[in-house]
Amino acid sequence: MTRSERPEDAQRAPRALITGEGGFTGRYMAARLAADGYRVWGTARPGEPVSDEGVPGGTTTLVADL
């Protein structure tokens, strides 16, 4: 959350969960949704390296075995 955002604004922001956020399509979808003001969560498989490289800012990566 940036300094200009208030906690109540973050609560009202639309939310998205993207499976495979680190993949080709997921990476672009996460970036687009984050740019449009969504709070974005993405998943990565257990044991898969989780890196901020290639994952858009403003997203949260969750390790999950779906």
# chains A, B, ... in the order shown; residues from 1 in each chain; ligands from 1

call {"tool": "residues_around", "arguments": {"residues": "stretch 14-25 of chain A", "least_positions_apart": "2", "cutoff": "6 Å", "atoms": "only C-alpha atoms", "output": "count of residues only"}}
result
9

call {"tool": "atom_distance", "arguments": {"atom1": "atom CA of A:Asp65", "atom2": "atom CA of A:Ala34"}}
result
23.7 Å

call {"tool": "atom_distance", "arguments": {"atom1": "atom CA of A:Thr60", "atom2": "atom CA of A:Met29"}}
result
13.6 Å
